[in-house]
Amino acid sequence: MVRFPLPDPMRRALDLARIAAEWGEVPVGAVVVKGGAIIAEGHNRPRESHDPTAHAEIVAIRAAAAKLGNERLDGCDLYVTLEPCAMCAGAIAHARIARLYYGADDAKGGAVAHGARVFSQPTVHHRPEIYDGIGAGEAAALLRDFFAARR
């Protein structure tokens, strides 16, 4: 098996996932990239912010939209450590994210390759290019360790 180095945006997303875990949040991190540079980032914050929509992807998308002054993130890529849920996949479609890179699969809550498979639905108006499994081992280990410590 050939191993490739992780792209810098996924490394940063994994760092953000670690920060989320330190805050007692489920360890998921996300970054938005435009023109090869990270323009926004976020990690899970629902507990800290008392906001059930404060998933890493939503936090990063909101920050990118504010930075660009536009709700459409044309030409932007999103790197996230876990397969997005239905809410986040919907936000990715509405934001017009060009490419989605994600790490670990989420058979229970994911909605890209599992569950609702949002981007496979005929009613979705925008489908990003999707690349999965980037840093999956490290992302899955963060999640396993986080939940094992709480049992």
# chains A, B, ... in the order shown; residues from 1 in each chain; ligands from 1
call {"tool": "residues_around", "arguments": {"residues": "segment 80-84 of chain A", "least_positions_apart": "5", "cutoff": "9 Å", "atoms": "only C-alpha atoms", "output": "number ranges by chain"}}
result
A: 9-10, 13-14, 17, 27-32, 56-57, 89, 100-107, 109-114, 132, 134-136, 138-140
call {"tool": "atom_distance", "arguments": {"atom1": "atom CA of Ile19 of chain A", "atom2": "atom CA of Arg47 of chain A"}}
result
13.6 Å
call {"tool": "closest_residue", "arguments": {"among": "A:Ile92, A:Ile61, A:Val33, A:Ala21", "to": "Leu143 of chain A", "atoms": "only C-alpha atoms"}}
result
A:Ala21
call {"tool": "residues_around", "arguments": {"residues": "Lys34 of chain A", "least_positions_apart": "2", "cutoff": "8 Å", "atoms": "only C-alpha atoms", "output": "MDAnalysis selection string"}}
result
chainID A and resid 32 36:39 75:77
call {"tool": "write_last_selection", "arguments": {"atoms": "N, CA and C atoms", "output": "short mmCIF file (atom, residue, chain, number, x, y, z; two decimals), in the first residue's frame"}}
result
data_model
loop_
_atom_site.label_atom_id
_atom_site.label_comp_id
_atom_site.auth_asym_id
_atom_site.auth_seq_id
_atom_site.Cartn_x
_atom_site.Cartn_y
_atom_site.Cartn_z
N VAL A 32 -11.92 25.50 5.61
CA VAL A 32 -12.32 25.90 4.27
C VAL A 32 -11.08 26.48 3.59
N GLY A 36 -5.84 27.54 -2.46
CA GLY A 36 -4.74 26.85 -1.78
C GLY A 36 -4.46 27.32 -0.37
N ALA A 37 -5.20 28.32 0.11
CA ALA A 37 -4.98 28.84 1.47
C ALA A 37 -6.20 28.60 2.35
N ILE A 38 -5.95 28.29 3.61
CA ILE A 38 -7.04 28.14 4.57
C ILE A 38 -7.60 29.53 4.86
N ILE A 39 -8.91 29.70 4.63
CA ILE A 39 -9.54 31.00 4.89
C ILE A 39 -10.45 30.97 6.11
N GLY A 75 -15.67 27.98 -5.56
CA GLY A 75 -14.23 27.76 -5.66
C GLY A 75 -13.57 27.36 -4.35
N CYS A 76 -14.37 27.13 -3.32
CA CYS A 76 -13.82 26.74 -2.01
C CYS A 76 -13.91 25.23 -1.82
N ASP A 77 -12.96 24.71 -1.06
CA ASP A 77 -12.93 23.30 -0.68
C ASP A 77 -13.14 23.20 0.82
#
call {"tool": "select_by_dssp", "arguments": {"residues": "segment 6-115 of chain A", "states": "helix (DSSP H, G or I)", "output": "PyMOL selection string"}}
result
chain A and resi 8-22+46-49+56-68+86-95
call {"tool": "residues_around", "arguments": {"residues": "segment 49-53 of chain A", "least_positions_apart": "5", "cutoff": "12 Å", "atoms": "only C-alpha atoms", "output": "PyMOL selection string"}}
result
chain A and resi 23+25+43-44+58-62+85-88+91
call {"tool": "write_last_selection", "arguments": {"atoms": "all heavy atoms", "output": "mmCIF file, in the first residue's frame"}}
result
data_model
loop_
_atom_site.group_PDB
_atom_site.id
_atom_site.type_symbol
_atom_site.label_atom_id
_atom_site.label_comp_id
_atom_site.auth_asym_id
_atom_site.auth_seq_id
_atom_site.Cartn_x
_atom_site.Cartn_y
_atom_site.Cartn_z
ATOM 1 N N TRP A 23 -11.904 20.382 24.770
ATOM 2 C CA TRP A 23 -13.029 21.177 25.261
ATOM 3 C C TRP A 23 -14.206 20.283 25.681
ATOM 4 O O TRP A 23 -15.244 20.787 26.073
ATOM 5 C CB TRP A 23 -13.518 22.131 24.187
ATOM 6 C CG TRP A 23 -12.625 23.301 23.893
ATOM 7 C CD1 TRP A 23 -11.283 23.416 24.151
ATOM 8 C CD2 TRP A 23 -13.012 24.511 23.274
ATOM 9 N NE1 TRP A 23 -10.822 24.624 23.715
ATOM 10 C CE2 TRP A 23 -11.867 25.332 23.164
ATOM 11 C CE3 TRP A 23 -14.214 24.995 22.768
ATOM 12 C CZ2 TRP A 23 -11.889 26.593 22.600
ATOM 13 C CZ3 TRP A 23 -14.242 26.254 22.205
ATOM 14 C CH2 TRP A 23 -13.086 27.039 22.132
ATOM 15 N N GLU A 25 -15.801 18.340 23.550
ATOM 16 C CA GLU A 25 -16.676 18.224 22.378
ATOM 17 C C GLU A 25 -16.251 16.999 21.564
ATOM 18 O O GLU A 25 -15.089 16.592 21.609
ATOM 19 C CB GLU A 25 -16.563 19.469 21.487
ATOM 20 C CG GLU A 25 -16.884 20.777 22.170
ATOM 21 C CD GLU A 25 -18.380 21.083 22.247
ATOM 22 O OE1 GLU A 25 -19.201 20.237 21.831
ATOM 23 O OE2 GLU A 25 -18.715 22.173 22.735
ATOM 24 N N HIS A 43 -14.236 23.857 14.767
ATOM 25 C CA HIS A 43 -14.335 22.525 15.363
ATOM 26 C C HIS A 43 -15.683 22.433 16.042
ATOM 27 O O HIS A 43 -16.382 23.438 16.219
ATOM 28 C CB HIS A 43 -13.176 22.252 16.334
ATOM 29 C CG HIS A 43 -13.072 23.191 17.481
ATOM 30 N ND1 HIS A 43 -13.924 23.169 18.556
ATOM 31 C CD2 HIS A 43 -12.209 24.204 17.710
ATOM 32 C CE1 HIS A 43 -13.583 24.108 19.414
ATOM 33 N NE2 HIS A 43 -12.543 24.769 18.913
ATOM 34 N N ASN A 44 -16.079 21.219 16.390
ATOM 35 C CA ASN A 44 -17.365 21.031 17.045
ATOM 36 C C ASN A 44 -17.453 21.907 18.284
ATOM 37 O O ASN A 44 -16.511 21.978 19.069
ATOM 38 C CB ASN A 44 -17.551 19.558 17.435
ATOM 39 C CG ASN A 44 -18.199 18.757 16.333
ATOM 40 O OD1 ASN A 44 -18.514 19.263 15.272
ATOM 41 N ND2 ASN A 44 -18.411 17.484 16.594
ATOM 42 N N ILE A 58 -20.285 23.582 9.931
ATOM 43 C CA ILE A 58 -21.121 24.777 9.969
ATOM 44 C C ILE A 58 -20.311 25.965 10.483
ATOM 45 O O ILE A 58 -20.381 27.071 9.931
ATOM 46 C CB ILE A 58 -22.373 24.545 10.847
ATOM 47 C CG1 ILE A 58 -23.216 23.373 10.320
ATOM 48 C CG2 ILE A 58 -23.196 25.821 10.975
ATOM 49 C CD1 ILE A 58 -23.844 23.555 8.971
ATOM 50 N N VAL A 59 -19.538 25.744 11.545
ATOM 51 C CA VAL A 59 -18.703 26.813 12.103
ATOM 52 C C VAL A 59 -17.733 27.326 11.032
ATOM 53 O O VAL A 59 -17.586 28.539 10.841
ATOM 54 C CB VAL A 59 -17.952 26.321 13.362
ATOM 55 C CG1 VAL A 59 -16.942 27.354 13.845
ATOM 56 C CG2 VAL A 59 -18.938 25.967 14.477
ATOM 57 N N ALA A 60 -17.083 26.418 10.317
ATOM 58 C CA ALA A 60 -16.117 26.811 9.283
ATOM 59 C C ALA A 60 -16.807 27.493 8.097
ATOM 60 O O ALA A 60 -16.304 28.498 7.581
ATOM 61 C CB ALA A 60 -15.327 25.589 8.819
ATOM 62 N N ILE A 61 -17.945 26.977 7.666
ATOM 63 C CA ILE A 61 -18.672 27.574 6.541
ATOM 64 C C ILE A 61 -19.140 28.978 6.904
ATOM 65 O O ILE A 61 -19.020 29.913 6.102
ATOM 66 C CB ILE A 61 -19.849 26.670 6.107
ATOM 67 C CG1 ILE A 61 -19.309 25.428 5.379
ATOM 68 C CG2 ILE A 61 -20.844 27.429 5.230
ATOM 69 C CD1 ILE A 61 -20.352 24.343 5.137
ATOM 70 N N ARG A 62 -19.671 29.160 8.109
ATOM 71 C CA ARG A 62 -20.113 30.498 8.530
ATOM 72 C C ARG A 62 -18.945 31.482 8.541
ATOM 73 O O ARG A 62 -19.080 32.626 8.093
ATOM 74 C CB ARG A 62 -20.746 30.426 9.920
ATOM 75 C CG ARG A 62 -22.128 29.821 9.922
ATOM 76 C CD ARG A 62 -22.677 29.712 11.329
ATOM 77 N NE ARG A 62 -24.041 29.187 11.299
ATOM 78 C CZ ARG A 62 -24.625 28.613 12.332
ATOM 79 N NH1 ARG A 62 -23.983 28.495 13.494
ATOM 80 N NH2 ARG A 62 -25.857 28.166 12.226
ATOM 81 N N CYS A 85 -22.858 14.977 8.419
ATOM 82 C CA CYS A 85 -24.235 14.552 8.672
ATOM 83 C C CYS A 85 -25.147 15.215 7.634
ATOM 84 O O CYS A 85 -24.693 16.024 6.808
ATOM 85 C CB CYS A 85 -24.650 14.948 10.090
ATOM 86 S SG CYS A 85 -24.831 16.740 10.322
ATOM 87 N N ALA A 86 -26.436 14.932 7.691
ATOM 88 C CA ALA A 86 -27.384 15.494 6.733
ATOM 89 C C ALA A 86 -27.439 17.020 6.818
ATOM 90 O O ALA A 86 -27.484 17.702 5.782
ATOM 91 C CB ALA A 86 -28.765 14.893 6.949
ATOM 92 N N MET A 87 -27.424 17.574 8.036
ATOM 93 C CA MET A 87 -27.461 19.026 8.194
ATOM 94 C C MET A 87 -26.251 19.666 7.522
ATOM 95 O O MET A 87 -26.383 20.643 6.767
ATOM 96 C CB MET A 87 -27.492 19.403 9.673
ATOM 97 C CG MET A 87 -27.389 20.890 9.934
ATOM 98 S SD MET A 87 -27.309 21.330 11.673
ATOM 99 C CE MET A 87 -25.706 20.680 12.153
ATOM 100 N N CYS A 88 -25.076 19.119 7.786
ATOM 101 C CA CYS A 88 -23.846 19.692 7.233
ATOM 102 C C CYS A 88 -23.765 19.485 5.725
ATOM 103 O O CYS A 88 -23.310 20.375 5.003
ATOM 104 C CB CYS A 88 -22.633 19.107 7.951
ATOM 105 S SG CYS A 88 -22.566 19.633 9.686
ATOM 106 N N ALA A 91 -25.793 22.138 4.179
ATOM 107 C CA ALA A 91 -25.081 23.421 4.206
ATOM 108 C C ALA A 91 -23.984 23.462 3.139
ATOM 109 O O ALA A 91 -23.779 24.496 2.498
ATOM 110 C CB ALA A 91 -24.491 23.666 5.586
#
call {"tool": "atom_distance", "arguments": {"atom1": "atom CA of Arg144 of chain A", "atom2": "atom CA of Tyr79 of chain A"}}
result
20.0 Å
